[in-house]
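*Asks:* Data: start.cif, mmCIF, C-alpha atoms.
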data_coords
#
loop_
_atom_site.label_atom_id
_atom_site.label_comp_id
_atom_site.auth_asym_id
_atom_site.auth_seq_id
_atom_site.Cartn_x
_atom_site.Cartn_y
_atom_site.Cartn_z
CA MET A 443 47.83 -72.60 30.59
CA ILE A 444 46.18 -75.71 29.18
CA GLY A 445 48.24 -78.87 29.49
CA ARG A 446 49.96 -80.49 26.53
CA GLU A 447 47.61 -83.47 26.84
CA TYR A 448 44.81 -81.56 25.16
CA PHE A 449 46.72 -80.39 22.11
CA SER A 450 49.14 -83.22 21.42
CA VAL A 451 47.84 -86.21 19.52
CA ASP A 452 50.54 -88.52 20.86
CA SER A 453 50.94 -87.58 24.52
CA ALA A 454 48.20 -89.75 26.07
CA GLU A 455 48.95 -93.41 26.63
CA ILE A 456 46.60 -96.33 26.97
CA ASN A 457 47.27 -99.40 29.05
CA PRO A 458 49.61 -101.59 26.94
CA GLU A 459 48.12 -104.70 28.51
CA CYS A 460 44.82 -103.98 26.79
CA GLY A 461 46.21 -104.18 23.28
CA GLY A 462 47.95 -107.54 23.45
CA GLY A 463 49.99 -107.89 20.28
CA VAL A 464 49.42 -106.22 16.94
CA LYS A 465 47.34 -108.63 14.93
CA GLU A 466 46.38 -108.37 11.30
CA ILE A 467 42.69 -107.78 10.74
CA THR A 468 41.01 -110.10 8.25
CA LYS A 469 37.40 -110.89 7.47
CA GLU A 470 37.88 -114.35 8.99
CA ASN A 471 39.15 -113.28 12.40
CA SER A 472 37.44 -109.90 12.79
CA LYS A 473 34.34 -111.33 14.52
CA GLU A 474 36.31 -113.29 17.14
CA MET A 475 38.31 -110.18 17.95
CA GLY A 476 35.20 -108.05 18.37
CA ALA A 477 34.63 -108.57 22.09
CA ASN A 478 38.26 -107.93 23.01
CA GLN A 479 38.42 -104.82 20.80
CA GLU A 480 35.25 -103.44 22.35
CA TYR A 481 36.89 -103.84 25.76
CA GLN A 482 40.00 -102.05 24.49
CA ARG A 483 37.87 -99.27 23.03
CA LEU A 484 36.15 -98.67 26.36
CA VAL A 485 39.46 -98.65 28.24
CA LEU A 486 40.84 -96.13 25.74
CA LEU A 487 37.75 -93.95 26.02
CA PHE A 488 37.93 -93.86 29.82
CA SER A 489 41.64 -93.09 29.59
CA VAL A 490 40.93 -90.06 27.40
CA LEU A 491 38.12 -88.85 29.67
CA GLU A 492 40.35 -89.25 32.74
CA LYS A 493 43.03 -87.07 31.14
CA LYS A 494 40.44 -84.43 30.21
CA ILE A 495 39.41 -84.21 33.87
CA ILE A 496 43.04 -83.86 34.98
CA VAL A 497 43.67 -81.18 32.36
CA THR A 498 40.57 -79.27 33.43
CA ALA A 499 41.73 -79.28 37.05
CA LYS A 500 45.19 -78.02 36.07
CA VAL A 501 43.70 -75.26 33.96
CA LEU A 502 41.34 -74.06 36.66
CA VAL A 503 44.25 -73.79 39.08
CA THR A 504 46.64 -71.96 36.74
CA SER A 505 44.26 -69.66 34.82
CA ARG A 506 43.13 -66.17 35.61
CA VAL A 507 39.48 -65.77 36.56
CA THR A 508 38.83 -63.67 33.46
CA ASP A 509 40.08 -66.52 31.28
CA LEU A 510 37.80 -69.21 32.72
CA PRO A 511 34.98 -68.99 30.12
CA HIS A 512 37.52 -69.55 27.35
CA VAL A 513 39.29 -72.27 29.35
CA ILE A 514 36.10 -74.24 29.85
CA GLN A 515 35.23 -73.94 26.17
CA SER A 516 38.73 -74.95 25.12
CA VAL A 517 38.73 -78.09 27.26
CA THR A 518 35.19 -79.24 26.46
CA GLY A 519 34.52 -77.79 23.02
CA ALA A 520 35.72 -80.70 20.90
CA GLU A 521 33.57 -83.24 22.70
CA LYS A 522 30.54 -80.95 22.65
CA MET A 523 30.80 -80.41 18.92
CA CYS A 524 31.47 -84.02 18.10
CA PHE A 525 29.26 -86.00 20.48
CA SER A 526 26.42 -83.88 21.82
CA PRO A 527 23.22 -84.15 19.77
CA THR A 528 21.77 -81.18 21.68
CA ALA A 529 24.57 -78.72 20.90
CA GLY A 530 22.52 -77.21 18.10
CA PRO A 531 22.12 -77.92 14.39
CA VAL A 532 25.20 -79.58 12.94
CA GLN A 533 26.25 -77.99 9.68
CA GLY A 534 29.46 -79.85 9.02
CA THR A 535 30.15 -82.68 6.59
CA ILE A 536 32.09 -84.97 8.97
CA PHE A 537 30.28 -86.62 11.86
CA PRO A 538 31.19 -89.13 14.57
CA ALA A 539 31.39 -92.62 13.07
CA PRO A 540 28.90 -95.09 14.56
CA ASN A 541 30.25 -98.25 16.18
CA PHE A 542 33.62 -96.56 16.42
CA ASN A 543 36.56 -98.79 17.35
CA PRO A 544 39.86 -96.86 17.64
CA VAL A 545 41.93 -100.03 18.15
CA MET A 546 40.72 -101.60 14.92
CA ASP A 547 41.15 -98.31 13.05
CA ALA A 548 44.70 -97.97 14.34
CA GLN A 549 45.52 -101.51 13.23
CA MET A 550 44.04 -100.88 9.77
CA ILE A 551 46.05 -97.66 9.41
CA GLY A 552 49.19 -99.44 10.56
CA GLY A 553 48.68 -102.04 7.85
CA ALA A 554 47.94 -99.35 5.26
CA LEU A 555 51.22 -97.56 6.00
CA GLN A 556 53.37 -100.67 5.67
CA GLY A 557 55.23 -101.55 2.50
CA PHE A 558 56.54 -99.51 -0.38
CA ASP A 559 53.16 -98.42 -1.71
CA CYS A 560 50.82 -97.58 1.18
CA ASP A 561 47.07 -98.09 0.89
CA LYS A 562 45.94 -94.49 0.38
CA ASP A 563 42.32 -95.50 -0.16
CA MET A 564 42.25 -97.09 3.30
CA LEU A 565 43.63 -93.90 4.86
CA ILE A 566 40.96 -91.83 3.13
CA ASP A 567 38.17 -94.22 4.14
CA ILE A 568 39.16 -94.06 7.81
CA LEU A 569 40.48 -90.55 8.46
CA THR A 570 37.84 -88.63 6.49
CA GLN A 571 35.01 -90.64 8.06
CA ARG A 572 35.90 -90.03 11.71
CA CYS A 573 35.40 -86.81 13.64
CA ASN A 574 38.45 -85.12 15.12
CA ALA A 575 37.95 -86.43 18.64
CA GLN A 576 37.80 -89.96 17.24
CA ARG A 577 41.01 -89.37 15.26
CA GLN A 578 42.77 -88.39 18.48
CA MET A 579 41.72 -91.71 20.01
CA ILE A 580 43.04 -93.52 16.93
CA ALA A 581 46.37 -91.70 17.29
CA GLU A 582 46.61 -92.75 20.93
CA ALA A 583 45.85 -96.39 20.08
CA TYR A 584 48.40 -96.26 17.25
CA GLN A 585 51.06 -94.89 19.62
CA SER A 586 50.35 -97.67 22.09
CA MET A 587 50.49 -100.42 19.48
CA TYR A 588 53.49 -99.35 17.45
CA SER A 589 55.35 -96.99 19.81
CA ARG A 590 55.36 -94.49 16.97
CA ASN A 591 53.64 -91.18 16.34
CA LEU A 592 50.92 -91.41 13.69
CA ILE A 593 51.52 -87.90 12.35
CA GLY A 594 55.21 -88.67 12.02
CA ASP A 595 54.49 -91.88 10.09
CA LEU A 596 52.02 -90.09 7.79
CA LYS A 597 54.64 -87.44 7.03
CA GLU A 598 57.24 -90.11 6.33
CA GLN A 599 55.10 -92.36 4.12
CA LEU A 600 53.08 -89.79 2.17
CA SER A 601 53.96 -86.87 -0.07
CA GLY A 602 52.58 -83.80 -1.78
CA HIS A 603 49.19 -82.28 -1.12
CA PHE A 604 47.70 -85.66 -0.18
CA LYS A 605 50.11 -85.74 2.75
CA ASP A 606 49.04 -82.22 3.75
CA VAL A 607 45.40 -83.35 3.90
CA MET A 608 46.01 -86.54 5.88
CA VAL A 609 48.36 -84.84 8.35
CA GLY A 610 46.06 -81.84 8.70
CA LEU A 611 43.15 -84.08 9.65
CA MET A 612 45.16 -85.46 12.57
CA TYR A 613 45.69 -82.14 14.36
CA PRO A 614 43.13 -81.07 16.98
CA PRO A 615 41.46 -77.85 15.73
CA PRO A 616 43.47 -75.44 17.94
CA SER A 617 46.71 -77.14 16.97
CA TYR A 618 45.78 -77.00 13.29
CA ASP A 619 45.11 -73.25 13.47
CA ALA A 620 48.44 -72.81 15.28
CA HIS A 621 50.19 -74.94 12.65
CA GLU A 622 48.77 -72.83 9.82
CA LEU A 623 49.68 -69.54 11.51
CA TRP A 624 53.21 -70.73 12.23
CA HIS A 625 53.79 -71.73 8.60
CA ALA A 626 52.24 -68.47 7.42
CA MET A 627 54.92 -66.51 9.28
CA LYS A 628 58.02 -68.70 9.36
CA GLY A 629 60.80 -68.25 6.82
CA VAL A 630 61.02 -65.54 4.19
CA GLY A 631 57.77 -63.71 3.53
CA THR A 632 54.41 -63.81 5.28
CA ASP A 633 51.11 -65.28 4.11
CA GLU A 634 48.96 -62.34 5.16
CA ASN A 635 45.83 -63.87 3.68
CA CYS A 636 46.15 -66.84 6.04
CA LEU A 637 46.46 -64.50 9.03
CA ILE A 638 43.40 -62.56 7.87
CA GLU A 639 41.27 -65.65 7.25
CA ILE A 640 41.96 -67.27 10.60
CA LEU A 641 41.94 -64.26 12.93
CA ALA A 642 38.92 -62.58 11.31
CA SER A 643 36.77 -65.71 11.51
CA ARG A 644 37.53 -67.35 14.85
CA THR A 645 35.58 -66.87 18.08
CA ASN A 646 37.11 -65.69 21.34
CA GLY A 647 37.29 -69.26 22.61
CA GLU A 648 38.92 -70.52 19.42
CA ILE A 649 41.51 -67.73 19.56
CA PHE A 650 42.29 -68.55 23.18
CA GLN A 651 42.81 -72.20 22.27
CA MET A 652 45.04 -71.47 19.27
CA ARG A 653 47.24 -69.13 21.33
CA GLU A 654 47.77 -71.87 23.91
CA ALA A 655 48.41 -74.49 21.23
CA TYR A 656 50.87 -72.18 19.44
CA CYS A 657 52.87 -71.70 22.63
CA LEU A 658 52.92 -75.42 23.40
CA GLN A 659 53.86 -76.52 19.88
CA TYR A 660 56.44 -73.90 19.00
CA SER A 661 57.62 -72.57 22.37
CA THR A 662 57.00 -69.02 21.28
CA ASN A 663 54.29 -66.39 21.65
CA LEU A 664 51.75 -65.91 18.85
CA GLN A 665 51.31 -62.23 19.60
CA GLU A 666 55.06 -61.60 19.43
CA ASP A 667 55.39 -63.44 16.12
CA ILE A 668 52.52 -61.47 14.58
CA TYR A 669 54.03 -58.23 15.84
CA SER A 670 57.43 -59.01 14.32
CA ASP A 671 56.06 -60.25 10.97
CA THR A 672 53.55 -57.48 10.19
CA SER A 673 53.45 -53.69 10.35
CA GLY A 674 51.34 -50.56 10.48
CA HIS A 675 47.61 -50.47 11.07
CA PHE A 676 47.31 -54.00 9.68
CA ARG A 677 49.49 -55.19 12.55
CA ASP A 678 47.50 -53.14 15.07
CA ALA A 679 44.25 -54.78 13.95
CA LEU A 680 45.71 -58.29 14.04
CA MET A 681 47.12 -57.66 17.52
CA ASN A 682 43.67 -56.52 18.60
CA LEU A 683 41.99 -59.64 17.21
CA VAL A 684 44.50 -62.10 18.65
CA GLN A 685 43.64 -60.93 22.17
CA GLY A 686 40.28 -62.68 21.78
CA ASN A 687 38.48 -59.94 23.69
CA ARG A 688 35.56 -59.24 21.37
CA GLU A 689 32.37 -58.37 23.26
CA GLU A 690 29.84 -61.21 23.20
CA GLY A 691 26.06 -61.02 22.97
CA TYR A 692 25.83 -57.32 23.81
CA THR A 693 23.68 -54.87 21.82
CA ASP A 694 23.00 -51.16 22.31
CA PRO A 695 21.01 -49.45 19.53
CA ALA A 696 21.96 -45.96 20.71
CA MET A 697 25.65 -46.84 20.74
CA ALA A 698 25.25 -48.48 17.30
CA ALA A 699 24.17 -45.14 15.86
CA GLN A 700 27.19 -43.42 17.43
CA ASP A 701 29.57 -46.11 16.15
CA ALA A 702 28.08 -45.81 12.67
CA MET A 703 28.86 -42.09 12.71
CA VAL A 704 32.43 -42.84 13.77
CA LEU A 705 32.80 -45.33 10.92
CA TRP A 706 31.37 -42.83 8.45
CA GLU A 707 33.86 -40.22 9.60
CA ALA A 708 36.68 -42.79 9.41
CA CYS A 709 35.78 -43.55 5.80
CA GLN A 710 35.78 -39.83 4.97
CA GLN A 711 38.94 -38.65 6.73
CA LYS A 712 41.17 -41.73 6.27
CA THR A 713 43.84 -40.53 8.69
CA GLY A 714 45.86 -42.83 10.91
CA GLU A 715 43.69 -41.88 13.86
CA HIS A 716 40.56 -42.74 11.92
CA LYS A 717 42.03 -46.10 10.87
CA THR A 718 42.53 -46.85 14.54
CA MET A 719 38.92 -45.88 15.30
CA LEU A 720 37.70 -48.14 12.48
CA GLN A 721 39.62 -51.20 13.61
CA MET A 722 38.76 -50.66 17.28
CA ILE A 723 35.06 -50.87 16.49
CA LEU A 724 35.29 -53.78 14.05
CA CYS A 725 37.69 -55.82 16.20
CA ASN A 726 36.02 -55.33 19.59
CA LYS A 727 32.25 -54.95 19.23
CA SER A 728 30.09 -58.06 19.39
CA SER A 729 28.79 -59.55 16.16
CA GLN A 730 25.23 -58.69 17.20
CA GLN A 731 26.23 -55.07 17.84
CA LEU A 732 28.06 -54.82 14.53
CA TRP A 733 24.92 -55.97 12.75
CA LEU A 734 23.15 -52.91 14.15
CA VAL A 735 26.13 -50.68 13.35
CA PHE A 736 26.18 -51.78 9.70
CA GLN A 737 22.46 -51.08 9.37
CA GLU A 738 22.89 -47.61 10.87
CA PHE A 739 25.88 -46.99 8.60
CA GLN A 740 23.74 -47.83 5.56
CA ASN A 741 21.04 -45.43 6.77
CA ILE A 742 23.52 -42.62 7.38
CA SER A 743 25.70 -42.96 4.30
CA GLY A 744 23.49 -44.73 1.79
CA GLN A 745 26.46 -47.02 1.20
CA ASP A 746 27.23 -50.61 2.10
CA MET A 747 29.94 -51.06 4.74
CA VAL A 748 32.10 -53.27 2.51
CA ASP A 749 31.86 -50.84 -0.41
CA ALA A 750 32.81 -47.95 1.84
CA ILE A 751 35.90 -49.74 3.16
CA ASN A 752 36.94 -50.77 -0.35
CA ASP A 753 36.57 -47.18 -1.58
CA CYS A 754 38.51 -45.63 1.28
CA TYR A 755 41.32 -48.04 2.12
CA ASP A 756 43.66 -50.48 0.41
CA GLY A 757 46.23 -53.16 1.15
CA TYR A 758 46.00 -55.87 3.78
CA PHE A 759 44.35 -53.49 6.27
CA GLN A 760 41.45 -53.06 3.88
CA GLU A 761 41.25 -56.83 3.25
CA LEU A 762 41.19 -57.55 6.98
CA MET A 763 38.44 -55.01 7.68
CA VAL A 764 36.33 -56.41 4.84
CA ALA A 765 36.88 -59.98 6.08
CA ILE A 766 35.59 -59.01 9.53
CA VAL A 767 32.46 -57.44 8.04
CA LEU A 768 31.80 -60.47 5.85
CA CYS A 769 32.28 -62.89 8.76
CA VAL A 770 29.88 -60.90 10.92
CA ARG A 771 27.25 -61.00 8.20
CA ASP A 772 27.57 -64.64 7.15
CA LYS A 773 30.70 -66.65 7.92
CA ALA A 774 29.72 -69.46 5.55
CA SER A 775 29.44 -67.00 2.65
CA TYR A 776 32.87 -65.60 3.51
CA PHE A 777 34.44 -69.05 3.32
CA ALA A 778 32.57 -69.81 0.09
CA TYR A 779 34.10 -66.65 -1.35
CA ARG A 780 37.55 -67.64 -0.09
CA LEU A 781 37.24 -71.08 -1.67
CA TYR A 782 36.02 -69.71 -4.99
CA SER A 783 38.90 -67.23 -5.12
CA ALA A 784 41.41 -69.94 -4.20
CA ILE A 785 40.10 -72.22 -6.95
CA HIS A 786 39.48 -69.74 -9.76
CA ASP A 787 41.53 -66.61 -9.08
CA PHE A 788 44.75 -68.13 -7.78
CA GLY A 789 45.07 -71.28 -9.88
CA PHE A 790 43.83 -73.73 -7.22
CA HIS A 791 45.64 -72.42 -4.18
CA ASN A 792 46.07 -75.76 -2.41
CA LYS A 793 46.98 -74.47 1.06
CA THR A 794 43.88 -72.31 1.31
CA ILE A 795 41.53 -75.02 0.02
CA ILE A 796 42.95 -77.71 2.32
CA ARG A 797 42.89 -75.38 5.34
CA ILE A 798 39.26 -74.32 4.90
CA LEU A 799 37.92 -77.80 4.17
CA ILE A 800 39.64 -79.31 7.21
CA ALA A 801 39.01 -76.42 9.61
CA ARG A 802 35.30 -76.10 8.77
CA SER A 803 34.50 -79.80 8.19
CA GLU A 804 32.77 -80.25 11.56
CA ILE A 805 31.47 -76.69 11.90
CA ASP A 806 29.75 -75.31 8.79
CA LEU A 807 31.19 -76.90 5.62
CA LEU A 808 27.74 -78.13 4.61
CA THR A 809 26.46 -74.55 4.75
CA ILE A 810 29.55 -73.31 2.92
CA ARG A 811 28.81 -75.80 0.14
CA LYS A 812 25.25 -74.47 -0.13
CA ARG A 813 26.42 -70.84 -0.25
CA TYR A 814 29.03 -71.73 -2.87
CA LYS A 815 26.46 -73.24 -5.21
CA GLU A 816 23.95 -70.44 -4.63
CA ARG A 817 26.49 -67.72 -5.38
CA TYR A 818 28.61 -69.25 -8.13
CA GLY A 819 26.25 -71.59 -9.97
CA LYS A 820 28.44 -74.69 -9.77
CA SER A 821 29.03 -76.86 -6.75
CA LEU A 822 32.23 -76.92 -4.73
CA PHE A 823 32.33 -80.67 -5.39
CA HIS A 824 32.25 -80.01 -9.15
CA ASP A 825 35.04 -77.43 -9.04
CA ILE A 826 37.32 -79.62 -6.92
CA ARG A 827 36.88 -82.49 -9.37
CA ASN A 828 37.84 -80.20 -12.24
CA PHE A 829 41.08 -78.97 -10.67
CA ALA A 830 42.41 -81.73 -8.39
CA SER A 831 43.35 -85.30 -9.26
CA GLY A 832 44.35 -88.68 -7.85
CA HIS A 833 44.12 -89.53 -4.17
CA TYR A 834 44.41 -85.83 -3.35
CA GLU A 835 41.14 -85.27 -5.20
CA LYS A 836 39.53 -88.27 -3.48
CA ALA A 837 40.52 -86.95 -0.05
CA LEU A 838 39.15 -83.45 -0.70
CA LEU A 839 35.91 -84.82 -2.11
CA ALA A 840 35.50 -87.13 0.89
CA ILE A 841 35.78 -84.15 3.24
CA CYS A 842 33.49 -82.08 1.02
CA ALA A 843 30.99 -84.98 1.00
CA GLY A 844 29.20 -84.04 -2.20
CA ASP A 845 25.63 -85.06 -2.95
CA MET A 846 24.52 -86.83 -6.12
CA GLU A 847 23.50 -83.57 -7.76
CA ASP A 848 27.05 -82.29 -7.30
CA TYR A 849 28.61 -84.77 -9.71
#
Would you write the structure of this file as structure tokens?
*Replies:*
Amino acid sequence: MIGREYFSVDSAEINPECGGGVKEITKENSKEMGANQEYQRLVLLFSVLEKKIIVTAKVLVTSRVTDLPHVIQSVTGAEKMCFSPTAGPVQGTIFPAPNFNPVMDAQMIGGALQGFDCDKDMLIDILTQRCNAQRQMIAEAYQSMYSRNLIGDLKEQLSGHFKDVMVGLMYPPPSYDAHELWHAMKGVGTDENCLIEILASRTNGEIFQMREAYCLQYSTNLQEDIYSDTSGHFRDALMNLVQGNREEGYTDPAMAAQDAMVLWEACQQKTGEHKTMLQMILCNKSSQQLWLVFQEFQNISGQDMVDAINDCYDGYFQELMVAIVLCVRDKASYFAYRLYSAIHDFGFHNKTIIRILIARSEIDLLTIRKRYKERYGKSLFHDIRNFASGHYEKALLAICAGDMEDY
């Protein structure tokens, strides 16, 4: 099990001797403080790296051998995405801030949260312009300076959907997924669409991380909560996905033809057994293999896979199966569709819009924006401006990072 240090934004501590006292930042004194703050920043950075090494050692000792690929990804993934220029093309809208100084940022946020009317523009300028790993360093510096939890102070000082955005930005990605799943299932009723969106779109490593975060944050088991809150074949498929055991990188053209025949039969017979066969293939085969399967299915049936599922099944099971197919084909297009539906079909469904923008901001939100405009004619930036307002609108647009042509 991964230690709490990785998922909690307030557990790590920096040396209190480095911070001195909390001092107001002004234009006049900012230059003289620069050298000391740079020293504090380096101390904080080494503190974080030291804890990552300790966490990695604990994980390697306590994890099963079969879990190690996911463990390594879960411990190192945030840094790889945020800091490594060789990790592949970056398609997000939020990047690491240059000349980053977590101590100064923490002091600025502390000042912004003081008084009756907090400086919301300052919060937007800082929190939407730092990558998640940098925000965790800010939270640690804030905890050291004020002996208070930054998320707790944001919840106390802010309200409404603007609060949801600012607080959501402060969670590490696995913790944010866990937070969204918990709220989708707690209380009366279940937000099935949230369960579908998250579990159909996350990788094995991301699912492993969210399961660990869920257990640490809520002292309960994600699989057990899903089992108790859902039912039928929809539950069976979710339980399959939450295991995070999808095959990776494996293709077999001969097997693809056989699987396509199984899917065709499942769409014709529509029995419980055939539903199980359908979800077993869609939830367990690698994305590369499913590409081949969908092509073979088209050749055999003359019908698109999504159309076939929509014709043969209904309810949340059908929605989940379609979501898996869409994510395999083009995840960015799936999220563009989800955003468009949330904005236009459900009267600006705030939870969905906030969740997607935050969760995909460092992964593929730039690509999602492109798909949105290609498919629906107007930009995501344009549609947010038309439906949101105030500092909530400013925060969403800052994450969306629209270009001039989007105005």
*Asks:* Fewer than 3 positions away in the same chain doesn't count, so skip those; otherwise give me all residues within 10 Å of Tyr818 of chain A, counting all atoms listed in the file, as a ChimeraX atom specification.
*Replies:* /A:778-779,782,813-815,821-822
*Asks:* Under the rule that only C-alpha atoms are counted, which of A:Trp624, A:Arg677, A:Glu648, A:Asn635 is the nearest residue to Tyr660 of chain A?
*Replies:* A:Trp624
*Asks:* Step by step, work through what the PyMOL selection byres ((chain A and resi 663) around 12) selects in the shown file, and finish by giving those residues as a ChimeraX atom specification.
*Replies:* /A:620,623-624,652-662,664-670,684-685
*Asks:* When distances are computed from all atoms listed in the file, which of A:Phe759, A:Phe739, A:Trp706, A:Trp733 shows the smallest separation from Gln721 of chain A?
*Replies:*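 Of all the options, A:Phe759 lies closest to Gln721 of chain A.
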*Asks:* Would you kindly translate the PyMOL selection byres ((chain A and resi 829) around 10) into the concrete residues it picks from this file, as number ranges by chain?
*Replies:* A: 785-786, 789-790, 824-828, 830-831, 835
*Asks:* Using the atoms already present, construct all heavy atoms for segment 830-838 of chain A and hand them back as a CSV table (one decimal), in the frame of the given file.
*Replies:*
chain,number,residue,atom,x,y,z
A,830,ALA,N,41.5,-80.8,-9.1
A,830,ALA,CA,42.4,-81.7,-8.4
A,830,ALA,C,42.4,-83.1,-9.1
A,830,ALA,O,41.6,-83.4,-10.0
A,830,ALA,CB,42.0,-81.9,-6.9
A,831,SER,N,43.3,-84.0,-8.6
A,831,SER,CA,43.4,-85.3,-9.3
A,831,SER,C,43.9,-86.3,-8.3
A,831,SER,O,44.5,-86.0,-7.2
A,831,SER,CB,44.2,-85.3,-10.5
A,831,SER,OG,45.6,-84.9,-10.2
A,832,GLY,N,43.8,-87.6,-8.6
A,832,GLY,CA,44.4,-88.7,-7.8
A,832,GLY,C,43.8,-88.8,-6.5
A,832,GLY,O,42.6,-88.4,-6.2
A,833,HIS,N,44.6,-89.3,-5.5
A,833,HIS,CA,44.1,-89.5,-4.2
A,833,HIS,C,43.9,-88.2,-3.4
A,833,HIS,O,43.1,-88.1,-2.5
A,833,HIS,CB,45.1,-90.4,-3.4
A,833,HIS,CG,45.0,-91.9,-3.8
A,833,HIS,ND1,45.8,-92.4,-4.7
A,833,HIS,CD2,44.2,-92.9,-3.4
A,833,HIS,CE1,45.5,-93.7,-4.9
A,833,HIS,NE2,44.5,-94.0,-4.1
A,834,TYR,N,44.6,-87.2,-3.9
A,834,TYR,CA,44.4,-85.8,-3.4
A,834,TYR,C,43.0,-85.4,-3.6
A,834,TYR,O,42.3,-84.9,-2.7
A,834,TYR,CB,45.4,-84.9,-4.0
A,834,TYR,CG,45.2,-83.4,-3.6
A,834,TYR,CD1,45.0,-83.0,-2.3
A,834,TYR,CD2,45.3,-82.4,-4.6
A,834,TYR,CE1,44.9,-81.7,-2.0
A,834,TYR,CE2,45.1,-81.1,-4.3
A,834,TYR,CZ,44.9,-80.7,-3.0
A,834,TYR,OH,44.8,-79.4,-2.7
A,835,GLU,N,42.5,-85.6,-4.8
A,835,GLU,CA,41.1,-85.3,-5.2
A,835,GLU,C,40.2,-86.1,-4.4
A,835,GLU,O,39.2,-85.6,-3.8
A,835,GLU,CB,40.9,-85.5,-6.7
A,835,GLU,CG,39.4,-85.4,-7.1
A,835,GLU,CD,39.2,-86.0,-8.5
A,835,GLU,OE1,40.1,-86.4,-9.2
A,835,GLU,OE2,38.0,-86.2,-8.8
A,836,LYS,N,40.4,-87.4,-4.2
A,836,LYS,CA,39.5,-88.3,-3.5
A,836,LYS,C,39.4,-87.8,-2.0
A,836,LYS,O,38.3,-87.8,-1.4
A,836,LYS,CB,40.0,-89.7,-3.5
A,836,LYS,CG,39.9,-90.4,-4.9
A,836,LYS,CD,40.4,-91.9,-4.8
A,836,LYS,CE,40.2,-92.6,-6.1
A,836,LYS,NZ,40.7,-94.0,-6.0
A,837,ALA,N,40.5,-87.4,-1.4
A,837,ALA,CA,40.5,-87.0,0.0
A,837,ALA,C,39.7,-85.7,0.1
A,837,ALA,O,38.9,-85.5,1.0
A,837,ALA,CB,41.9,-86.8,0.5
A,838,LEU,N,39.9,-84.7,-0.8
A,838,LEU,CA,39.2,-83.4,-0.7
A,838,LEU,C,37.7,-83.7,-0.9
A,838,LEU,O,36.8,-83.1,-0.2
A,838,LEU,CB,39.7,-82.5,-1.7
A,838,LEU,CG,41.1,-81.9,-1.6
A,838,LEU,CD1,41.4,-80.9,-2.7
A,838,LEU,CD2,41.3,-81.3,-0.2
